[in-house]
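Asker: Here's a structure for you.
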Amino acid sequence: MEKERTIAEPWRIKVVEPIKVTTKEYRREVIKEAGYNTFLLKSKDVFIDLLTDSGTSAMSDNQWAGMMLGDEAYSGSKNFYNLEKAVQEIYGYKYVLPTHQGRGAEHIISQITIKQGDFVPGNMYFTTTREHQERAGGIFVDVIINEAYDTHSEHTFKGNIDLKKLQSLIDRVGADRIPYVSFEMNVNMAGGQPFSMENAEKVSELCHKYGISIFYDATRCVENAYFIQQREKGYHDKSIKEILKETMSLGDGCTMSSKKDGLVNIGGFLALNDYDLFVKGMALLPVFEGFPTYGGLAGRDLEAVARGIYESVEDDYISARVRQVEYLGNKIKDSGVPIVTPIGGHAVYLDAKRFLSHIPQYEFPAQRLAAEIYVDSGVRSMERGIISAGRDKKTGDHKYPKLELVRLAIPRRVYTNLHMDVVAESVVEVYSYRDKLRGIKMVYEPAQLRFFTARFELL
Ligand SMILES: *Cc1c(COP(=O)(O)O)cnc(C)c1O
């Protein structure tokens with residue numbers, strides 16, 4: 001058998017941005033000032049920033065060159081037509097409405113499809129997506145398979161929709177009260193876990209039988225396509241481009257945060273096949289985003305989004321990207337630290353419930369852990385647990401999600417594997433003295449999306 005060879009990143013570095021290491025004493029002080037919320041830290045105080053993979057990608061020379069070709073006309077910018085063409089070609093949908101980022105598209109699709117009291121099934125939830133669905137009067141219903149909640153399960157497609165759960169919702173409320181299924185690709189809150197093509201086919205068949213639309217949350221669509229290529233029978237010899245197009249063809253449109261798989265720092269869009277919906281969306285766009293050919297973005301940004309779409313579906317790029325995440329995940333896992341498996345496409349998730357099993361969920365173990373990792377090494381991560389889940393709108397109590405995680409999200413094309421080694425060492429170090437850590441209490445809580453600005457004190 002041939003020896004397995006090292007595969008290096010398919011790019012070289014042309015511009016660098018210096019980052020600084022601070023002292024532990026200093027970090028202890030600033031995390032306290034930040035209310036033990038990593039969102040409230042200043043970027044200059046962070047060494048390796050794994051807060052999010054959103055808008056943090058390094059753009060290519062080709063994208064930067066495209067930025068110089070920004071056509072800043074208020075209407076009919078050349079760059080819009082480049083974007084429209086890229087979406088039609090790579091995603092396969094007819095109509096494109098640019099938005100300032102993913103949530104802009106979520107807002108529009110929710111407003112034009114959801115009526116008061118409608119039900120919106122989805123595979124787990126995403127914070128902004130569900131918020132917009134609820135604001136439009138919808139009731140979100142989680143229909144992801146149960147394995148998604150089991151951090152130990154090695155199920156290779158934890159993002160799958162449970163067809164029985166979906167069918168029973170249809171039976172219970174009726175198809176006419178379900179405007180669409182919100183189908184997220186490579187589910188963020190489940191740990192970056194994909195759905196299979198087989199599942200998407202079955203969901204598509206079921207929904208279309210009842211006249212229910214499918215709108216993908218395509219934020220991490222390329223990573224989902226990569227996992228299908230790697231894990232699903234019959235797809236190993238297909239290109240990422242082919243797999244992505246095939247997946248998209250099973251749905252009726254998508255919302256996209258290009259800040260993730262789109263390889264840009266800002267931007268997104270809503271893509272649709274239905275003309276009437278497109279017209280409705282186009283009517284709302286100027287109210288919330290901007291004229292329909294710029295949607296809250298500069299012409300140069302539209303160009304970067306268009307070029308990012310093509311780069312994102314190159315097989316060697318996406319392979320290097322996901323392999324780096326796996327590199328970090330395996331290092332942490334092999335040291336005995338509990339993480340979500342299989343390792344996701346955009347992030348490594350530490351299982352804070354097991355990591356800090358002595359801290360009850362109402363004392364925010366994941367938030368505590370993220371703060372401690374920052375103190376140890378200047379690595380910034382974020383909580384994905386009880387704080388992110390928010391409160392029940394009826395009872396006012398915490399939602400107590402099953403998963404209590406710390407997310408180490410890896411920006412695309414930004415860090416080297418030596419950075420990943422530093423991160424792994426720090427996590428292992430904190431794990432070695434985990435028994436010494438105590439919980440925290442919330443001392444400030446905003447009304448919405450509290451994880452962004454809530455403040456805490458040590459207990
Ligand atoms: C980031 C994200 C969004 C929202 O996109 P923004 O560009 O941040 O507004 C929606 N869905 C998922 C799964 C995301 O990760």
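Each chain in the structure tokens gets a letter, A, B, ..., in the order shown, and its residues are numbered from 1; ligands are numbered from 1 in order too.
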Find the residues of chain A that sit at most 9 Å from ligand 1; for each, write down the nearest two atoms and how far apart they are in Å, to one decimal. Count only C-alpha atoms and all ligand atoms. Sort by chain, then by number going up, and give it as a tab-separated table.
Answerer:
residue	atom	partner	partner_atom_place_in_ligand_line	distance
A:Thr52	CA	ligand 1	1 (C)	8.8
A:Asp53	CA	ligand 1	1 (C)	8.5
A:Ser54	CA	ligand 1	1 (C)	6.2
A:Gly55	CA	ligand 1	7 (O)	7.8
A:His100	CA	ligand 1	7 (O)	7.6
A:Gln101	CA	ligand 1	7 (O)	4.0
A:Gly102	CA	ligand 1	5 (O)	3.5
A:Arg103	CA	ligand 1	9 (O)	3.7
A:Gly104	CA	ligand 1	9 (O)	6.4
A:Ala105	CA	ligand 1	9 (O)	8.0
A:Glu106	CA	ligand 1	10 (C)	7.6
A:Tyr125	CA	ligand 1	13 (C)	8.0
A:Phe126	CA	ligand 1	13 (C)	5.5
A:Thr127	CA	ligand 1	10 (C)	7.5
A:Thr128	CA	ligand 1	4 (C)	6.0
A:Thr129	CA	ligand 1	10 (C)	5.8
A:Glu184	CA	ligand 1	13 (C)	6.5
A:Met185	CA	ligand 1	13 (C)	7.5
A:Asn186	CA	ligand 1	13 (C)	7.9
A:Val187	CA	ligand 1	13 (C)	6.3
A:Asn188	CA	ligand 1	13 (C)	5.2
A:Met189	CA	ligand 1	13 (C)	7.5
A:Gly192	CA	ligand 1	13 (C)	8.9
A:Asp217	CA	ligand 1	11 (N)	6.0
A:Ala218	CA	ligand 1	13 (C)	7.6
A:Thr219	CA	ligand 1	12 (C)	5.5
A:Arg220	CA	ligand 1	13 (C)	7.0
A:Thr255	CA	ligand 1	10 (C)	7.9
A:Met256	CA	ligand 1	5 (O)	7.1
A:Ser257	CA	ligand 1	7 (O)	4.1
A:Ser258	CA	ligand 1	7 (O)	6.6
A:Lys259	CA	ligand 1	7 (O)	5.7
A:Lys260	CA	ligand 1	1 (C)	6.9
A:Ile266	CA	ligand 1	7 (O)	7.3
A:Gly267	CA	ligand 1	7 (O)	6.8
A:Gly268	CA	ligand 1	7 (O)	6.4
Asker: With only C-alpha atoms as the counted atoms, please give the residues lying no more than 12 Å from Lys331 in chain A, apart from itself and same-chain residues fewer than 5 positions off, as a PyMOL selection string.
Answerer: chain A and resi 324-326+336-339+343+348+417-418+420-428
Asker: Set the distance at 10 Å and use only C-alpha atoms: which residues neighbour Ile13 in chain A once local chain neighbours fewer than 4 positions away are removed? I'd like the list as a VMD selection string.
Answerer: chain A and resid 58 60 413 to 414
Asker: Taking only range 43-115 of chain A into account, list the residues labelled strand (DSSP E or B) by DSSP (computed from the backbone), as JSON, numbers by chain.
Answerer: {"A": [48, 49, 95, 96, 97, 98, 99]}
Asker: What lies within 10 Å of Gly92 in chain A using only C-alpha atoms, ignoring chain neighbours under 3 positions off, as a list in words?
Answerer: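 My list of contacting residues is Lys85, Ala86, Val87, Gln88, Glu89, Tyr95, Leu244, Lys245, Glu246, Thr247, Met248, Ser249, Gly253, Ala271, Leu272 and Asn273 of chain A.
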Asker: For N, CA and C atoms, I'd like the residues from the last selection saved as a short mmCIF file (atom, residue, chain, number, x, y, z; two decimals), in the first residue's frame.
Answerer:
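This went into result20.cif:
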data_model
loop_
_atom_site.label_atom_id
_atom_site.label_comp_id
_atom_site.auth_asym_id
_atom_site.auth_seq_id
_atom_site.Cartn_x
_atom_site.Cartn_y
_atom_site.Cartn_z
N LYS A 85 -25.29 35.86 -11.47
CA LYS A 85 -24.81 34.77 -12.33
C LYS A 85 -24.14 33.67 -11.50
N ALA A 86 -23.33 34.07 -10.52
CA ALA A 86 -22.64 33.08 -9.68
C ALA A 86 -23.66 32.22 -8.92
N VAL A 87 -24.69 32.87 -8.37
CA VAL A 87 -25.70 32.12 -7.61
C VAL A 87 -26.46 31.17 -8.54
N GLN A 88 -26.83 31.67 -9.70
CA GLN A 88 -27.57 30.83 -10.65
C GLN A 88 -26.72 29.63 -11.08
N GLU A 89 -25.45 29.89 -11.30
CA GLU A 89 -24.56 28.83 -11.79
C GLU A 89 -24.23 27.81 -10.71
N TYR A 95 -33.77 33.41 -8.93
CA TYR A 95 -33.86 34.81 -8.52
C TYR A 95 -32.98 35.07 -7.30
N LEU A 244 -23.24 20.04 -4.49
CA LEU A 244 -23.96 21.21 -4.00
C LEU A 244 -25.17 21.51 -4.89
N LYS A 245 -24.97 21.47 -6.16
CA LYS A 245 -26.06 21.76 -7.11
C LYS A 245 -27.18 20.74 -6.95
N GLU A 246 -26.80 19.48 -6.77
CA GLU A 246 -27.81 18.42 -6.61
C GLU A 246 -28.62 18.66 -5.33
N THR A 247 -27.94 19.00 -4.24
CA THR A 247 -28.64 19.26 -2.98
C THR A 247 -29.62 20.42 -3.16
N MET A 248 -29.12 21.49 -3.74
CA MET A 248 -29.95 22.69 -3.91
C MET A 248 -31.18 22.40 -4.76
N SER A 249 -31.03 21.50 -5.72
CA SER A 249 -32.14 21.21 -6.63
C SER A 249 -33.31 20.54 -5.90
N GLY A 253 -35.25 27.17 -2.54
CA GLY A 253 -34.51 28.41 -2.39
C GLY A 253 -33.65 28.33 -1.15
N ALA A 271 -32.08 33.44 -2.25
CA ALA A 271 -32.22 32.92 -3.62
C ALA A 271 -33.50 32.10 -3.69
N LEU A 272 -34.26 32.27 -4.76
CA LEU A 272 -35.58 31.65 -4.88
C LEU A 272 -35.86 31.18 -6.30
N ASN A 273 -36.76 30.23 -6.41
CA ASN A 273 -37.23 29.82 -7.74
C ASN A 273 -38.61 30.37 -8.07
#
Asker: Excluding Ile144 in chain A and residues on its chain fewer than 5 positions from it, collect all residues at most 6 Å away from it, counting only C-alpha atoms, and give them as a VMD selection string.
Answerer: chain A and resid 123 to 124 160 to 162
Asker: Could you save the residues just selected, with N, CA, C and O atoms, as a short mmCIF file (atom, residue, chain, number, x, y, z; two decimals), in the first residue's frame?
Answerer:
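Final output, out-v9.cif:
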data_model
loop_
_atom_site.label_atom_id
_atom_site.label_comp_id
_atom_site.auth_asym_id
_atom_site.auth_seq_id
_atom_site.Cartn_x
_atom_site.Cartn_y
_atom_site.Cartn_z
N ASN A 123 -34.23 21.60 11.28
CA ASN A 123 -33.30 20.67 11.91
C ASN A 123 -32.44 21.43 12.92
O ASN A 123 -31.48 22.08 12.59
N MET A 124 -32.83 21.35 14.18
CA MET A 124 -32.34 22.13 15.29
C MET A 124 -32.72 23.58 15.01
O MET A 124 -33.67 23.83 14.27
N ASN A 160 -29.44 15.28 9.89
CA ASN A 160 -30.64 14.78 9.19
C ASN A 160 -31.94 15.19 9.88
O ASN A 160 -32.00 15.29 11.10
N ILE A 161 -32.96 15.33 9.06
CA ILE A 161 -34.31 15.55 9.58
C ILE A 161 -34.94 14.19 9.87
O ILE A 161 -34.79 13.24 9.09
N ASP A 162 -35.62 14.09 11.01
CA ASP A 162 -36.35 12.87 11.37
C ASP A 162 -37.70 12.91 10.63
O ASP A 162 -38.57 13.72 10.97
#
Asker: Please identify which residues in range 364-410 of chain A DSSP calls alpha helix (DSSP H) from the backbone, and express them as a ChimeraX atom specification.
Answerer: /A:365-377,386-389
Asker: Based on the selection just made, write all heavy atoms of those residues as a short mmCIF file (atom, residue, chain, number, x, y, z; two decimals), in the first residue's frame.
Answerer:
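The resulting selection14.cif:
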data_model
loop_
_atom_site.label_atom_id
_atom_site.label_comp_id
_atom_site.auth_asym_id
_atom_site.auth_seq_id
_atom_site.Cartn_x
_atom_site.Cartn_y
_atom_site.Cartn_z
N PRO A 365 -21.85 26.50 32.73
CA PRO A 365 -20.52 25.87 32.60
C PRO A 365 -19.80 26.21 31.28
O PRO A 365 -18.58 26.40 31.30
CB PRO A 365 -20.83 24.36 32.68
CG PRO A 365 -22.30 24.23 32.53
CD PRO A 365 -22.91 25.51 33.00
N ALA A 366 -20.52 26.30 30.18
CA ALA A 366 -19.85 26.58 28.90
C ALA A 366 -19.27 27.99 28.88
O ALA A 366 -18.15 28.22 28.44
CB ALA A 366 -20.81 26.37 27.74
N GLN A 367 -20.05 28.94 29.39
CA GLN A 367 -19.57 30.32 29.45
C GLN A 367 -18.32 30.41 30.34
O GLN A 367 -17.35 31.09 30.01
CB GLN A 367 -20.69 31.21 30.03
CG GLN A 367 -20.38 32.69 30.01
CD GLN A 367 -20.64 33.32 28.66
OE1 GLN A 367 -21.13 32.67 27.73
NE2 GLN A 367 -20.32 34.58 28.52
N ARG A 368 -18.37 29.69 31.45
CA ARG A 368 -17.24 29.68 32.39
C ARG A 368 -15.99 29.11 31.71
O ARG A 368 -14.88 29.63 31.87
CB ARG A 368 -17.61 28.82 33.61
CG ARG A 368 -16.51 28.70 34.64
CD ARG A 368 -16.28 30.04 35.32
NE ARG A 368 -15.09 30.07 36.15
CZ ARG A 368 -13.89 30.44 35.73
NH1 ARG A 368 -13.70 30.78 34.46
NH2 ARG A 368 -12.86 30.46 36.55
N LEU A 369 -16.19 28.03 30.97
CA LEU A 369 -15.07 27.36 30.31
C LEU A 369 -14.44 28.26 29.23
O LEU A 369 -13.22 28.36 29.13
CB LEU A 369 -15.55 26.03 29.70
CG LEU A 369 -14.53 25.19 28.94
CD1 LEU A 369 -13.29 24.91 29.78
CD2 LEU A 369 -15.17 23.87 28.49
N ALA A 370 -15.28 28.91 28.45
CA ALA A 370 -14.76 29.80 27.40
C ALA A 370 -13.90 30.90 28.02
O ALA A 370 -12.83 31.24 27.52
CB ALA A 370 -15.91 30.40 26.61
N ALA A 371 -14.37 31.45 29.16
CA ALA A 371 -13.62 32.50 29.84
C ALA A 371 -12.27 31.97 30.33
O ALA A 371 -11.24 32.64 30.23
CB ALA A 371 -14.43 33.05 31.01
N GLU A 372 -12.27 30.75 30.83
CA GLU A 372 -11.03 30.18 31.38
C GLU A 372 -10.00 29.89 30.29
O GLU A 372 -8.81 30.12 30.48
CB GLU A 372 -11.36 28.89 32.17
CG GLU A 372 -10.21 28.37 33.01
CD GLU A 372 -9.75 29.35 34.08
OE1 GLU A 372 -10.56 30.20 34.51
OE2 GLU A 372 -8.57 29.27 34.49
N ILE A 373 -10.45 29.39 29.16
CA ILE A 373 -9.52 29.13 28.06
C ILE A 373 -8.88 30.45 27.61
O ILE A 373 -7.68 30.51 27.34
CB ILE A 373 -10.24 28.43 26.88
CG1 ILE A 373 -10.67 27.02 27.30
CG2 ILE A 373 -9.34 28.37 25.64
CD1 ILE A 373 -11.63 26.34 26.33
N TYR A 374 -9.67 31.51 27.61
CA TYR A 374 -9.11 32.81 27.25
C TYR A 374 -8.02 33.21 28.24
O TYR A 374 -6.93 33.65 27.85
CB TYR A 374 -10.20 33.90 27.19
CG TYR A 374 -9.58 35.26 27.04
CD1 TYR A 374 -9.00 35.64 25.83
CD2 TYR A 374 -9.49 36.13 28.13
CE1 TYR A 374 -8.34 36.86 25.71
CE2 TYR A 374 -8.84 37.35 28.01
CZ TYR A 374 -8.27 37.71 26.80
OH TYR A 374 -7.61 38.90 26.68
N VAL A 375 -8.30 33.04 29.53
CA VAL A 375 -7.31 33.42 30.54
C VAL A 375 -6.04 32.59 30.37
O VAL A 375 -4.92 33.10 30.42
CB VAL A 375 -7.88 33.24 31.97
CG1 VAL A 375 -6.78 33.40 33.02
CG2 VAL A 375 -9.00 34.24 32.22
N ASP A 376 -6.20 31.32 30.08
CA ASP A 376 -5.04 30.44 29.97
C ASP A 376 -4.12 30.81 28.81
O ASP A 376 -2.90 30.77 28.94
CB ASP A 376 -5.48 28.97 29.83
CG ASP A 376 -4.28 28.05 29.69
OD1 ASP A 376 -3.55 27.88 30.69
OD2 ASP A 376 -4.04 27.55 28.56
N SER A 377 -4.70 31.15 27.65
CA SER A 377 -3.85 31.27 26.46
C SER A 377 -4.17 32.44 25.52
O SER A 377 -3.48 32.63 24.53
CB SER A 377 -3.99 29.98 25.65
OG SER A 377 -5.35 29.80 25.30
N ILE A 386 -26.86 27.16 27.27
CA ILE A 386 -28.06 27.72 27.90
C ILE A 386 -28.21 29.22 27.65
O ILE A 386 -29.33 29.72 27.52
CB ILE A 386 -28.06 27.38 29.41
CG1 ILE A 386 -29.37 27.82 30.07
CG2 ILE A 386 -26.85 27.97 30.11
CD1 ILE A 386 -29.58 27.26 31.46
N ILE A 387 -27.09 29.93 27.54
CA ILE A 387 -27.20 31.37 27.31
C ILE A 387 -27.64 31.65 25.88
O ILE A 387 -28.55 32.44 25.63
CB ILE A 387 -25.87 32.08 27.64
CG1 ILE A 387 -25.50 31.80 29.10
CG2 ILE A 387 -25.99 33.58 27.40
CD1 ILE A 387 -24.07 32.14 29.43
N SER A 388 -27.03 30.94 24.93
CA SER A 388 -27.42 31.10 23.52
C SER A 388 -28.88 30.71 23.29
O SER A 388 -29.56 31.29 22.45
CB SER A 388 -26.54 30.23 22.62
OG SER A 388 -25.20 30.64 22.69
N ALA A 389 -29.35 29.72 24.04
CA ALA A 389 -30.72 29.22 23.81
C ALA A 389 -31.78 30.23 24.26
O ALA A 389 -32.91 30.20 23.79
CB ALA A 389 -30.92 27.89 24.53
#
Asker: What's the 7 Å shell around range 239-242 of chain A, counting only C-alpha atoms, without same-chain residues fewer than 4 positions away, as a PyMOL selection string?
Answerer: chain A and resi 90+225-226+246+313+315
Asker: I'd like the neighbourhood of range 453-456 of chain A as a VMD selection string, where a residue qualifies if any of its atoms comes within 12 Å (using only C-alpha atoms), though same-chain residues fewer than 2 positions away should be ignored.
Answerer: chain A and resid 31 to 41 363 to 365 367 to 368 371 383 387 to 388 390 439 to 451 458 to 459
Asker: Please dump the current selection as a PDB file, in the first residue's frame; keep C-alpha atoms.
Answerer:
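Final output, out-v7.pdb:
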ATOM      1  CA  ILE A  31     -12.091  39.062  30.991  1.00  0.00           C
ATOM      2  CA  LYS A  32     -13.412  40.321  34.343  1.00  0.00           C
ATOM      3  CA  GLU A  33     -13.975  43.765  32.793  1.00  0.00           C
ATOM      4  CA  ALA A  34     -15.739  42.020  29.902  1.00  0.00           C
ATOM      5  CA  GLY A  35     -18.207  40.444  32.331  1.00  0.00           C
ATOM      6  CA  TYR A  36     -16.798  36.955  31.551  1.00  0.00           C
ATOM      7  CA  ASN A  37     -18.369  37.196  28.124  1.00  0.00           C
ATOM      8  CA  THR A  38     -15.872  36.552  25.316  1.00  0.00           C
ATOM      9  CA  PHE A  39     -18.046  38.631  22.949  1.00  0.00           C
ATOM     10  CA  LEU A  40     -17.194  41.705  25.041  1.00  0.00           C
ATOM     11  CA  LEU A  41     -13.415  41.315  24.779  1.00  0.00           C
ATOM     12  CA  GLU A 363     -24.412  28.278  36.562  1.00  0.00           C
ATOM     13  CA  PHE A 364     -23.348  28.433  32.896  1.00  0.00           C
ATOM     14  CA  PRO A 365     -20.524  25.874  32.597  1.00  0.00           C
ATOM     15  CA  GLN A 367     -19.567  30.325  29.455  1.00  0.00           C
ATOM     16  CA  ARG A 368     -17.239  29.676  32.391  1.00  0.00           C
ATOM     17  CA  ALA A 371     -13.616  32.501  29.842  1.00  0.00           C
ATOM     18  CA  GLU A 383     -20.632  29.605  24.537  1.00  0.00           C
ATOM     19  CA  ILE A 387     -27.201  31.374  27.315  1.00  0.00           C
ATOM     20  CA  SER A 388     -27.419  31.103  23.522  1.00  0.00           C
ATOM     21  CA  GLY A 390     -32.391  32.150  25.615  1.00  0.00           C
ATOM     22  CA  GLY A 439     -19.790  28.501  38.156  1.00  0.00           C
ATOM     23  CA  ILE A 440     -20.807  32.078  37.350  1.00  0.00           C
ATOM     24  CA  LYS A 441     -23.943  34.175  37.792  1.00  0.00           C
ATOM     25  CA  MET A 442     -25.628  36.475  35.274  1.00  0.00           C
ATOM     26  CA  VAL A 443     -25.676  40.106  36.390  1.00  0.00           C
ATOM     27  CA  TYR A 444     -26.953  41.743  33.184  1.00  0.00           C
ATOM     28  CA  GLU A 445     -29.293  40.257  30.601  1.00  0.00           C
ATOM     29  CA  PRO A 446     -30.533  41.972  27.420  1.00  0.00           C
ATOM     30  CA  ALA A 447     -34.034  41.265  26.086  1.00  0.00           C
ATOM     31  CA  GLN A 448     -32.956  39.511  22.878  1.00  0.00           C
ATOM     32  CA  LEU A 449     -30.020  37.359  21.717  1.00  0.00           C
ATOM     33  CA  ARG A 450     -28.613  37.652  25.196  1.00  0.00           C
ATOM     34  CA  PHE A 451     -25.394  35.769  24.530  1.00  0.00           C
ATOM     35  CA  LEU A 458     -17.640  34.575  39.360  1.00  0.00           C
ATOM     36  CA  LEU A 459     -19.494  32.700  42.093  1.00  0.00           C
TER      37      LEU A 459
END
Asker: Smallest atom-to-atom distance to Tyr327 in chain A: which of A:Ile410, A:Ala200, A:Cys207, A:Leu405, using only C-alpha atoms?
Answerer: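 Once distances to Tyr327 in chain A are computed over only C-alpha atoms, the minimum belongs to A:Ile410.
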Asker: Sorted by chain and rising residue number, which residues of range 214-320 of chain A lie within 9 Å of range 75-83 of chain A, and what are their closest atom pairs and distances in Å to one decimal, counting only C-alpha atoms, as JSON lines?
Answerer:
{"residue": "A:Phe291", "atom": "CA", "partner": "A:Ser75", "partner_atom": "CA", "distance": 6.9}
{"residue": "A:Pro292", "atom": "CA", "partner": "A:Ser75", "partner_atom": "CA", "distance": 7.8}
{"residue": "A:Thr293", "atom": "CA", "partner": "A:Phe80", "partner_atom": "CA", "distance": 5.7}
{"residue": "A:Tyr294", "atom": "CA", "partner": "A:Phe80", "partner_atom": "CA", "distance": 6.7}
{"residue": "A:Gly299", "atom": "CA", "partner": "A:Asn79", "partner_atom": "CA", "distance": 5.7}
{"residue": "A:Arg300", "atom": "CA", "partner": "A:Asn79", "partner_atom": "CA", "distance": 7.1}
{"residue": "A:Asp301", "atom": "CA", "partner": "A:Asn79", "partner_atom": "CA", "distance": 8.4}
{"residue": "A:Leu302", "atom": "CA", "partner": "A:Asn79", "partner_atom": "CA", "distance": 5.7}
{"residue": "A:Glu303", "atom": "CA", "partner": "A:Asn79", "partner_atom": "CA", "distance": 5.1}
{"residue": "A:Ala304", "atom": "CA", "partner": "A:Leu83", "partner_atom": "CA", "distance": 8.8}
{"residue": "A:Val305", "atom": "CA", "partner": "A:Leu83", "partner_atom": "CA", "distance": 6.8}
{"residue": "A:Ala306", "atom": "CA", "partner": "A:Leu83", "partner_atom": "CA", "distance": 4.4}
{"residue": "A:Arg307", "atom": "CA", "partner": "A:Leu83", "partner_atom": "CA", "distance": 7.9}
{"residue": "A:Ile309", "atom": "CA", "partner": "A:Leu83", "partner_atom": "CA", "distance": 8.6}
Asker: Now that the selection is made, can you save its residues with C-alpha atoms as a PDB file, in the first residue's frame?
Answerer:
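Output file again12.pdb follows:
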ATOM      1  CA  PHE A 291     -32.392  48.744  -3.505  1.00  0.00           C
ATOM      2  CA  PRO A 292     -32.756  45.205  -4.937  1.00  0.00           C
ATOM      3  CA  THR A 293     -29.462  45.352  -6.849  1.00  0.00           C
ATOM      4  CA  TYR A 294     -27.337  46.198  -3.804  1.00  0.00           C
ATOM      5  CA  GLY A 299     -20.758  47.164  -5.211  1.00  0.00           C
ATOM      6  CA  ARG A 300     -17.281  45.996  -4.245  1.00  0.00           C
ATOM      7  CA  ASP A 301     -18.743  43.719  -1.578  1.00  0.00           C
ATOM      8  CA  LEU A 302     -21.118  42.174  -4.103  1.00  0.00           C
ATOM      9  CA  GLU A 303     -18.102  41.426  -6.291  1.00  0.00           C
ATOM     10  CA  ALA A 304     -16.230  39.749  -3.435  1.00  0.00           C
ATOM     11  CA  VAL A 305     -19.319  37.627  -2.686  1.00  0.00           C
ATOM     12  CA  ALA A 306     -19.596  36.617  -6.354  1.00  0.00           C
ATOM     13  CA  ARG A 307     -15.936  35.583  -6.556  1.00  0.00           C
ATOM     14  CA  ILE A 309     -18.873  31.628  -4.413  1.00  0.00           C
TER      15      ILE A 309
END
Asker: When distances are computed from only C-alpha atoms, which of A:Gly378, A:Asp274, A:Glu429, A:Ala190 shows the smallest separation from Leu403 in chain A?
Answerer: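 For Leu403 in chain A, the nearest of the candidates is A:Ala190.
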Asker: How many Å separate CA of Glu4 in chain A from CA of Ser57 in chain A?
Answerer: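 Spanning CA of Glu4 in chain A to CA of Ser57 in chain A is a straight-line distance of 28.9 Å.
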Asker: So how many Å separate CA of Leu277 in chain A and CA of Ile112 in chain A, to one decimal?
Answerer: 7.0 Å
